[in-house]
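With TSV, C-alpha atoms inside, this is start-v8.tsv:
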```tsv
chain	number	residue	atom	x	y	z
A	1	MET	CA	-7.38	-14.27	9.47
A	2	ARG	CA	-7.10	-10.85	11.08
A	3	ILE	CA	-6.06	-7.84	9.05
A	4	LEU	CA	-5.23	-4.32	10.22
A	5	GLY	CA	-6.03	-1.51	7.79
A	6	ILE	CA	-4.77	2.08	7.85
A	7	GLU	CA	-6.25	5.02	5.93
A	8	SER	CA	-4.53	8.42	5.63
A	9	SER	CA	-5.19	9.60	2.07
A	10	CYS	CA	-6.68	12.99	2.93
A	11	ASP	CA	-7.99	14.44	6.20
A	12	GLU	CA	-9.04	11.35	8.16
A	13	THR	CA	-6.58	9.26	10.18
A	14	ALA	CA	-8.15	5.82	10.54
A	15	ALA	CA	-7.34	2.27	11.60
A	16	ALA	CA	-9.53	-0.83	11.62
A	17	LEU	CA	-9.26	-4.52	12.42
A	18	LEU	CA	-11.25	-7.12	10.49
A	19	GLU	CA	-11.51	-10.83	11.10
A	20	THR	CA	-12.69	-13.72	8.98
A	21	SER	CA	-12.64	-17.48	9.48
A	22	ASP	CA	-10.38	-19.76	7.45
A	23	SER	CA	-13.44	-20.85	5.48
A	24	GLY	CA	-14.11	-17.22	4.56
A	25	SER	CA	-17.69	-17.33	5.83
A	26	GLY	CA	-18.42	-13.79	6.90
A	27	VAL	CA	-16.33	-10.83	8.00
A	28	ARG	CA	-16.43	-9.18	11.41
A	29	VAL	CA	-15.34	-5.61	12.03
A	30	LEU	CA	-13.52	-5.88	15.34
A	31	SER	CA	-12.82	-2.14	15.51
A	32	SER	CA	-12.91	0.95	13.33
A	33	VAL	CA	-11.41	4.19	14.66
A	34	ILE	CA	-11.43	7.51	12.79
A	35	SER	CA	-9.80	10.78	13.83
A	36	THR	CA	-11.17	13.54	11.63
A	37	GLN	CA	-9.42	16.80	10.80
A	38	ILE	CA	-12.55	18.61	9.63
A	39	PRO	CA	-12.50	21.21	12.46
A	40	LEU	CA	-8.89	22.05	11.58
A	41	HIS	CA	-9.39	22.44	7.83
A	42	ARG	CA	-12.77	24.17	8.18
A	43	LEU	CA	-10.83	27.25	9.29
A	44	TYR	CA	-9.33	27.44	5.78
A	45	GLY	CA	-12.38	26.36	3.77
A	46	GLY	CA	-10.66	23.20	2.51
A	47	VAL	CA	-7.88	20.69	3.12
A	48	ILE	CA	-4.34	22.05	3.58
A	49	PRO	CA	-2.01	19.16	2.57
A	50	GLU	CA	0.90	20.06	4.87
A	51	LEU	CA	-1.38	20.36	7.89
A	52	ALA	CA	-3.08	17.09	6.98
A	53	SER	CA	0.16	15.07	6.84
A	54	ARG	CA	1.49	16.62	10.03
A	55	ASN	CA	-1.75	15.81	11.83
A	56	HIS	CA	-1.68	12.21	10.56
A	57	SER	CA	1.79	11.75	12.04
A	58	GLY	CA	0.64	13.02	15.42
A	59	CYS	CA	-2.66	11.10	15.51
A	60	LEU	CA	-1.76	7.72	14.04
A	61	PRO	CA	-0.09	6.11	17.12
A	62	SER	CA	-3.12	6.75	19.35
A	63	VAL	CA	-5.57	5.74	16.58
A	64	LEU	CA	-3.71	2.44	16.13
A	65	GLN	CA	-3.68	1.84	19.87
A	66	ASP	CA	-7.40	2.54	20.13
A	67	ALA	CA	-8.17	0.17	17.25
A	68	LEU	CA	-6.18	-2.66	18.83
A	69	SER	CA	-7.64	-1.98	22.27
A	70	GLN	CA	-11.25	-1.94	21.02
A	71	ALA	CA	-10.63	-5.20	19.17
A	72	GLY	CA	-9.05	-6.79	22.24
A	73	CYS	CA	-6.15	-7.76	20.04
A	74	GLY	CA	-2.40	-7.44	20.30
A	75	ILE	CA	-0.26	-6.52	17.32
A	76	GLU	CA	1.21	-10.04	17.37
A	77	GLN	CA	-2.28	-11.44	16.65
A	78	VAL	CA	-2.57	-9.57	13.34
A	79	ASP	CA	-2.03	-11.79	10.28
A	80	ALA	CA	-1.66	-9.08	7.61
A	81	PHE	CA	-1.42	-5.31	7.28
A	82	ALA	CA	-3.01	-3.05	4.68
A	83	ALA	CA	-2.83	0.66	3.95
A	84	THR	CA	-4.01	3.12	1.31
A	85	GLY	CA	-1.38	3.52	-1.40
A	86	GLY	CA	-3.28	6.10	-3.47
A	87	PRO	CA	-4.84	8.12	-4.86
A	88	GLY	CA	-4.67	11.00	-2.38
A	89	LEU	CA	-2.33	13.62	-0.95
A	90	VAL	CA	1.19	12.23	-1.30
A	91	ALA	CA	2.54	13.35	2.09
A	92	ALA	CA	-0.60	12.15	3.85
A	93	LEU	CA	-0.49	8.78	2.07
A	94	LEU	CA	3.11	8.26	3.10
A	95	VAL	CA	2.25	8.43	6.81
A	96	GLY	CA	-0.18	5.49	6.85
A	97	HIS	CA	1.54	3.50	4.09
A	98	THR	CA	4.95	3.68	5.78
A	99	ALA	CA	3.48	2.80	9.18
A	100	ALA	CA	1.73	-0.30	7.83
A	101	LYS	CA	4.89	-1.48	6.04
A	102	ALA	CA	6.93	-0.96	9.21
A	103	LEU	CA	4.45	-2.97	11.26
A	104	ALA	CA	4.41	-5.76	8.67
A	105	LEU	CA	8.20	-5.85	8.60
A	106	ALA	CA	8.50	-5.90	12.40
A	107	ALA	CA	5.86	-8.62	12.75
A	108	GLY	CA	7.10	-10.67	9.81
A	109	LYS	CA	3.62	-10.58	8.25
A	110	PRO	CA	2.45	-9.76	4.70
A	111	PHE	CA	1.50	-6.29	3.49
A	112	VAL	CA	-1.19	-5.16	1.02
A	113	SER	CA	-1.13	-1.74	-0.61
A	114	VAL	CA	-4.77	-0.83	-1.32
A	115	ASN	CA	-6.26	1.48	-3.92
A	116	HIS	CA	-8.44	3.99	-2.08
A	117	LEU	CA	-11.04	3.90	-4.85
A	118	GLU	CA	-11.22	0.12	-4.67
A	119	GLY	CA	-11.85	0.45	-0.94
A	120	HIS	CA	-14.87	2.65	-1.67
A	121	LEU	CA	-16.01	0.44	-4.55
A	122	LEU	CA	-16.10	-2.73	-2.41
A	123	SER	CA	-17.36	-1.14	0.84
A	124	PRO	CA	-21.07	-1.91	0.19
A	125	PHE	CA	-20.23	-5.64	0.38
A	126	LEU	CA	-18.64	-5.52	3.82
A	127	HIS	CA	-21.99	-5.74	5.59
A	128	CYS	CA	-24.13	-7.27	2.85
A	129	PRO	CA	-25.74	-10.74	3.07
A	130	GLU	CA	-23.22	-13.57	2.86
A	131	GLU	CA	-24.82	-15.18	-0.17
A	132	LEU	CA	-23.68	-12.19	-2.25
A	133	THR	CA	-19.99	-12.59	-1.41
A	134	ARG	CA	-19.40	-16.33	-1.63
A	135	PRO	CA	-16.73	-17.55	-2.07
A	136	HIS	CA	-15.83	-14.37	-0.27
A	137	MET	CA	-15.61	-12.29	-3.42
A	138	PRO	CA	-17.90	-9.51	-4.70
A	139	PRO	CA	-20.30	-10.67	-7.42
A	140	PRO	CA	-20.53	-9.00	-10.84
A	141	HIS	CA	-22.30	-5.66	-10.47
A	142	LEU	CA	-22.43	-2.02	-11.51
A	143	GLY	CA	-20.44	0.21	-9.19
A	144	LEU	CA	-21.07	3.94	-8.77
A	145	VAL	CA	-18.34	5.65	-6.75
A	146	VAL	CA	-19.29	9.21	-5.77
A	147	SER	CA	-16.67	10.65	-3.44
A	148	GLY	CA	-15.16	14.09	-2.89
A	149	GLY	CA	-12.65	13.74	-5.71
A	150	HIS	CA	-14.09	11.03	-7.96
A	151	THR	CA	-17.27	10.14	-9.82
A	152	LEU	CA	-16.98	6.76	-11.54
A	153	LEU	CA	-19.28	4.21	-13.16
A	154	LEU	CA	-17.63	0.79	-13.24
A	155	ASP	CA	-18.58	-2.56	-14.73
A	156	VAL	CA	-17.32	-4.88	-11.97
A	157	ARG	CA	-16.78	-8.46	-13.10
A	158	GLY	CA	-14.67	-9.70	-10.20
A	159	LEU	CA	-11.94	-8.67	-7.79
A	160	GLY	CA	-9.53	-6.43	-9.71
A	161	ASP	CA	-11.54	-6.84	-12.92
A	162	TYR	CA	-13.07	-3.38	-13.35
A	163	ARG	CA	-14.12	-1.84	-16.67
A	164	LEU	CA	-14.49	1.92	-16.72
A	165	LEU	CA	-17.82	3.03	-18.15
A	166	GLY	CA	-17.80	6.69	-17.20
A	167	ARG	CA	-16.00	9.27	-15.10
A	168	SER	CA	-16.21	12.98	-14.45
A	169	ARG	CA	-14.31	15.03	-17.02
A	170	ASP	CA	-13.92	17.95	-14.61
A	171	ASP	CA	-15.33	18.33	-11.09
A	172	ALA	CA	-16.54	15.20	-9.32
A	173	ALA	CA	-19.99	15.30	-7.75
A	174	GLY	CA	-18.51	15.79	-4.28
A	175	GLU	CA	-16.25	18.58	-5.55
A	176	ALA	CA	-19.24	20.32	-7.11
A	177	PHE	CA	-21.12	20.21	-3.83
A	178	ASP	CA	-18.12	21.55	-1.89
A	179	LYS	CA	-17.27	24.31	-4.38
A	180	VAL	CA	-20.86	25.52	-4.68
A	181	ALA	CA	-21.12	25.48	-0.89
A	182	LYS	CA	-18.03	27.68	-0.70
A	183	MET	CA	-19.61	30.09	-3.20
A	184	LEU	CA	-22.68	30.19	-0.93
A	185	ASP	CA	-20.47	30.87	2.12
A	186	LEU	CA	-21.38	27.55	3.75
A	187	PRO	CA	-18.94	25.70	6.04
A	188	TYR	CA	-16.57	22.97	4.86
A	189	PRO	CA	-17.32	20.19	3.99
A	190	GLY	CA	-20.08	21.59	1.84
A	191	GLY	CA	-21.96	18.47	0.72
A	192	PRO	CA	-23.76	17.80	4.02
A	193	GLU	CA	-24.48	21.54	4.40
A	194	ILE	CA	-26.18	21.68	1.00
A	195	ASP	CA	-28.05	18.42	1.68
A	196	THR	CA	-29.46	19.73	4.96
A	197	ARG	CA	-30.68	23.01	3.47
A	198	ALA	CA	-31.98	21.31	0.33
A	199	GLU	CA	-34.48	19.39	2.48
A	200	GLN	CA	-36.26	22.70	3.11
A	201	GLY	CA	-35.97	24.11	-0.41
A	202	ASP	CA	-37.81	24.08	-3.74
A	203	PRO	CA	-35.66	22.29	-6.34
A	204	GLN	CA	-37.75	23.69	-9.22
A	205	ARG	CA	-37.29	27.40	-8.47
A	206	PHE	CA	-33.99	27.77	-10.36
A	207	GLU	CA	-33.22	26.25	-13.75
A	208	LEU	CA	-29.77	24.74	-13.42
A	209	PRO	CA	-27.85	22.81	-16.12
A	210	ARG	CA	-27.57	19.02	-16.41
A	211	PRO	CA	-24.38	18.79	-18.51
A	212	MET	CA	-23.83	15.73	-20.71
A	213	LEU	CA	-27.17	14.28	-19.64
A	214	HIS	CA	-28.14	13.29	-23.17
A	215	GLU	CA	-24.66	12.58	-24.58
A	216	PRO	CA	-24.18	9.02	-25.93
A	217	HIS	CA	-21.64	8.07	-23.25
A	218	PHE	CA	-21.50	7.61	-19.48
A	219	ASP	CA	-19.11	10.45	-18.56
A	220	PHE	CA	-20.07	13.27	-16.22
A	221	SER	CA	-19.46	17.01	-16.00
A	222	PHE	CA	-20.44	19.09	-12.99
A	223	SER	CA	-18.30	22.22	-13.34
A	224	GLY	CA	-21.11	24.03	-15.17
A	225	LEU	CA	-23.09	24.15	-11.95
A	226	LYS	CA	-20.48	26.48	-10.44
A	227	THR	CA	-20.81	28.81	-13.42
A	228	ALA	CA	-24.59	28.77	-13.18
A	229	ILE	CA	-24.48	29.70	-9.49
A	230	LEU	CA	-21.83	32.37	-10.22
A	231	TYR	CA	-24.18	34.08	-12.70
A	232	THR	CA	-27.28	33.56	-10.58
A	233	LEU	CA	-25.96	35.10	-7.33
A	234	PRO	CA	-25.71	38.72	-8.61
A	235	LYS	CA	-29.40	38.55	-9.58
A	236	LEU	CA	-30.36	37.60	-6.04
A	237	SER	CA	-28.23	39.80	-3.77
A	238	PRO	CA	-26.24	43.06	-3.94
A	239	GLY	CA	-22.87	42.33	-5.55
A	240	GLY	CA	-23.66	38.62	-5.50
A	241	ASP	CA	-22.91	38.40	-1.77
A	242	PRO	CA	-24.31	35.03	-0.55
A	243	ARG	CA	-24.51	36.40	3.00
A	244	GLU	CA	-27.28	38.73	1.80
A	245	LEU	CA	-29.51	35.87	0.60
A	246	ASP	CA	-32.70	35.29	2.53
A	247	PRO	CA	-32.96	31.79	4.08
A	248	THR	CA	-35.65	30.63	1.65
A	249	THR	CA	-33.61	31.56	-1.42
A	250	LEU	CA	-30.50	29.87	0.01
A	251	CYS	CA	-32.45	26.65	0.61
A	252	ASP	CA	-33.95	26.81	-2.89
A	253	LEU	CA	-30.50	27.20	-4.44
A	254	CYS	CA	-29.21	24.23	-2.44
A	255	ALA	CA	-32.22	22.16	-3.47
A	256	GLY	CA	-31.69	23.07	-7.13
A	257	VAL	CA	-28.00	22.13	-7.05
A	258	ARG	CA	-28.72	18.84	-5.33
A	259	GLU	CA	-31.51	18.01	-7.76
A	260	ALA	CA	-29.29	18.71	-10.78
A	261	ILE	CA	-26.46	16.49	-9.53
A	262	VAL	CA	-28.75	13.65	-8.47
A	263	ASP	CA	-30.62	13.87	-11.77
A	264	VAL	CA	-27.45	13.31	-13.80
A	265	LEU	CA	-26.17	10.54	-11.53
A	266	ALA	CA	-29.48	8.67	-11.60
A	267	GLN	CA	-30.09	8.89	-15.34
A	268	LYS	CA	-26.53	7.92	-16.30
A	269	THR	CA	-26.64	5.02	-13.84
A	270	LEU	CA	-29.94	3.78	-15.24
A	271	ARG	CA	-28.48	3.74	-18.76
A	272	ALA	CA	-25.39	1.92	-17.50
A	273	LEU	CA	-27.53	-0.72	-15.78
A	274	ARG	CA	-29.42	-1.38	-19.00
A	275	HIS	CA	-26.18	-1.37	-21.00
A	276	THR	CA	-24.43	-3.95	-18.79
A	277	GLY	CA	-27.46	-6.00	-17.76
A	278	HIS	CA	-26.26	-6.08	-14.14
A	279	ARG	CA	-28.91	-6.84	-11.51
A	280	ILE	CA	-26.89	-5.42	-8.61
A	281	LEU	CA	-26.01	-1.74	-8.14
A	282	ALA	CA	-23.48	-0.81	-5.43
A	283	ILE	CA	-23.10	2.88	-4.58
A	284	SER	CA	-20.25	4.14	-2.42
A	285	GLY	CA	-18.28	7.23	-1.42
A	286	GLY	CA	-19.17	10.25	0.68
A	287	VAL	CA	-21.93	11.48	-1.65
A	288	SER	CA	-23.72	8.13	-1.26
A	289	CYS	CA	-24.92	9.52	2.09
A	290	ASN	CA	-26.94	12.18	0.28
A	291	LYS	CA	-30.62	11.78	1.17
A	292	ALA	CA	-31.98	12.63	-2.28
A	293	LEU	CA	-29.51	10.34	-4.05
A	294	ARG	CA	-30.42	7.40	-1.81
A	295	ALA	CA	-34.14	7.99	-2.33
A	296	ARG	CA	-33.82	8.37	-6.12
A	297	MET	CA	-31.66	5.28	-6.51
A	298	SER	CA	-33.97	3.23	-4.30
A	299	ASP	CA	-36.92	4.14	-6.54
A	300	LEU	CA	-34.88	3.48	-9.68
A	301	CYS	CA	-33.78	0.02	-8.53
A	302	ARG	CA	-37.28	-0.91	-7.39
A	303	ARG	CA	-38.67	-0.06	-10.84
A	304	GLU	CA	-35.88	-1.89	-12.67
A	305	GLY	CA	-35.87	-4.98	-10.43
A	306	VAL	CA	-32.25	-4.31	-9.43
A	307	ARG	CA	-30.78	-5.03	-6.01
A	308	LEU	CA	-29.35	-1.85	-4.43
A	309	LEU	CA	-26.42	-2.02	-2.02
A	310	LEU	CA	-25.45	1.04	0.02
A	311	PRO	CA	-22.78	1.10	2.73
A	312	PRO	CA	-23.80	2.26	6.20
A	313	PRO	CA	-23.02	5.96	6.79
A	314	ALA	CA	-19.84	5.12	8.75
A	315	LEU	CA	-18.41	3.46	5.63
A	316	THR	CA	-19.28	6.21	3.14
A	317	THR	CA	-16.57	8.69	4.13
A	318	ASP	CA	-12.87	7.80	4.28
A	319	ASN	CA	-12.35	4.97	6.76
A	320	ALA	CA	-9.94	2.10	7.40
A	321	ALA	CA	-12.55	-0.67	7.50
A	322	MET	CA	-12.99	-0.44	3.72
A	323	ILE	CA	-9.22	-0.48	3.26
A	324	ALA	CA	-8.87	-3.52	5.50
A	325	TYR	CA	-11.73	-5.24	3.62
A	326	ALA	CA	-10.17	-4.68	0.19
A	327	GLY	CA	-6.84	-5.81	1.62
A	328	LEU	CA	-8.47	-8.92	3.06
A	329	LEU	CA	-9.97	-9.90	-0.30
A	330	HIS	CA	-6.60	-9.53	-2.02
A	331	ALA	CA	-4.83	-11.39	0.79
A	332	ARG	CA	-7.24	-14.31	0.52
A	333	ALA	CA	-6.53	-14.35	-3.23
A	334	GLY	CA	-2.80	-14.53	-2.44
A	335	GLU	CA	-2.15	-11.03	-3.77
A	336	PHE	CA	0.35	-9.16	-1.58
A	337	SER	CA	2.55	-6.10	-2.07
A	338	PRO	CA	6.32	-5.85	-1.69
A	339	LEU	CA	7.65	-3.70	1.14
A	340	GLU	CA	9.36	-1.62	-1.56
A	341	ALA	CA	5.91	-0.52	-2.81
A	342	THR	CA	5.47	3.24	-2.73
A	343	VAL	CA	2.48	5.55	-2.82
A	344	ASP	CA	0.99	7.09	-5.95
A	345	PRO	CA	-1.15	10.24	-5.51
A	346	ASN	CA	-2.67	9.65	-8.95
A	347	LEU	CA	-3.08	5.88	-8.68
A	348	PRO	CA	-5.72	4.71	-11.17
A	349	LEU	CA	-8.11	1.90	-10.48
A	350	ALA	CA	-7.29	-1.36	-12.30
A	351	GLY	CA	-8.70	-1.53	-15.79
A	352	PHE	CA	-8.90	2.21	-16.43
A	353	ALA	CA	-7.19	1.63	-19.76
A	354	THR	CA	-10.15	-0.47	-20.82
A	355	ARG	CA	-13.40	1.20	-21.81
A	356	SER	CA	-16.45	-1.06	-22.06
```

Translate this file's structure into structure tokens.
Amino acid sequence: MRILGIESSCDETAAALLETSDSGSGVRVLSSVISTQIPLHRLYGGVIPELASRNHSGCLPSVLQDALSQAGCGIEQVDAFAATGGPGLVAALLVGHTAAKALALAAGKPFVSVNHLEGHLLSPFLHCPEELTRPHMPPPHLGLVVSGGHTLLLDVRGLGDYRLLGRSRDDAAGEAFDKVAKMLDLPYPGGPEIDTRAEQGDPQRFELPRPMLHEPHFDFSFSGLKTAILYTLPKLSPGGDPRELDPTTLCDLCAGVREAIVDVLAQKTLRALRHTGHRILAISGGVSCNKALRARMSDLCRREGVRLLLPPPALTTDNAAMIAYAGLLHARAGEFSPLEATVDPNLPLAGFATRS
């Protein structure tokens, strides 16, 4: 089976082709093409929805052509089509979702509308050892999704069987990084900028809050970090102007912010592992690229005897390979979407009504 996936939920226009044998033994990524809009939105310090959707419309035809060309595959050789149906920016979602439905209709092939969060959640299994995904399904595990707009801890029991353990009650981890970076006058996207400077800083210099760290639940809160930085800046520079900070102080602030976020993520995840008894931890989303988070989770899993799965960097940010993979799993389970399916900018992940 060959499946074409399209991703257009925010500021990346992406298409990918995946292939698997009829027996389901292994998945090959035939192509994965991403056209990023970061240079465009960096001018405004964040994503402008109207510009994002307009850019998707202009970029998608060439992205699709590049994906097919790199795969050495014609559109008639595609067996199913998948696209992100939500959550995301509604106008941006419509571009990719409508294109995939049109291709499926023209080719007379099935269509799968994919939850963007499920794409992230399952992405660590795309390149993992085959014994973990037989019969071509993800095994039970604890999933930590840390993307720009979402921080979720999920008890994964099978495809589509996800129990919510914890979520951010305000800013997600990625949002906190980006908003603090903006306060520090760092370029968009802010997470990688903070991560780079944090490598040279002292994380112990500033005492920053770890909200909800000791609460008897698995939810997160990161908005307090913004407040802490807001009150700290005036003590460090005239009028709180971040451009007046010396390089050492800026790096120390970045290191402190990163340490606070990673601290909360690691300790909550450890408690969730012990609560569920899972022996596999899969971390996904853009923040999963963070150097300190990867190092801390590696140490944690080594101590606990837990297998850690992390997607390669190319699969941590928004991409179509993860959408095609989630679509492939649902297609193999016989789960398809009607062509009347529409997008939902607030689409929840299955099982959100159920708290473990």

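Minimum atom-to-atom distances from A:Ala272, A:Val262, A:Leu339, A:Leu17 to Val156 of chain A were compared using all atoms listed in the file, and the lowest value belongs to A:Ala272.
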
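Taking atom CA of Ser69 of chain A as the reference point, atom CA of Arg2 of chain A is found at 14.3 Å.
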
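Taking all atoms listed in the file into account, Ser62 of chain A lies nearest to A:Ser35 out of the set A:Gln77, A:Thr249, A:Ser35, A:Asn115.
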
At most 8 Å is the cut-off: for each residue in segment 4-45 of chain A with any atom that close to an atom of segment 185-207 of chain A, write down the nearest atom pair and the distance in Å rounded to one decimal, counting only C-alpha atoms, chain first then increasing number, as a tab-separated table.
```
residue	atom	partner	partner_atom	distance
A:Ile38	CA	A:Pro189	CA	7.6
A:His41	CA	A:Tyr188	CA	7.8
A:Arg42	CA	A:Tyr188	CA	5.2
A:Gly45	CA	A:Tyr188	CA	5.5
```

| In terms of the shortest atom-to-atom distance over all atoms listed in the file, which of A:Pro234, A:Gly86, A:Gly96, A:Gly334 is closest to Gly58 of chain A? | A:Gly96

| said: For a quick check of understanding, using only C-alpha atoms, which of A:Cys128, A:Ala16, A:His120, A:Pro348 has the smallest distance to Leu164 of chain A? | reply: A:Pro348

| request: Quick one: everything within 8 Å of Ala67 of chain A, counting only C-alpha atoms, minus sequence neighbours fewer than 4 positions away in the same chain. Send it as a PyMOL selection string. | output: chain A and resi 15-17+31-33+63+71

| field | Coordinates-based distance that separates atom CA of Met297 of chain A from atom CA of Ala266 of chain A (Å, one decimal) | value |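 Taking atom CA of Ala266 of chain A as the start and atom CA of Met297 of chain A as the end point, the length is 6.5 Å.
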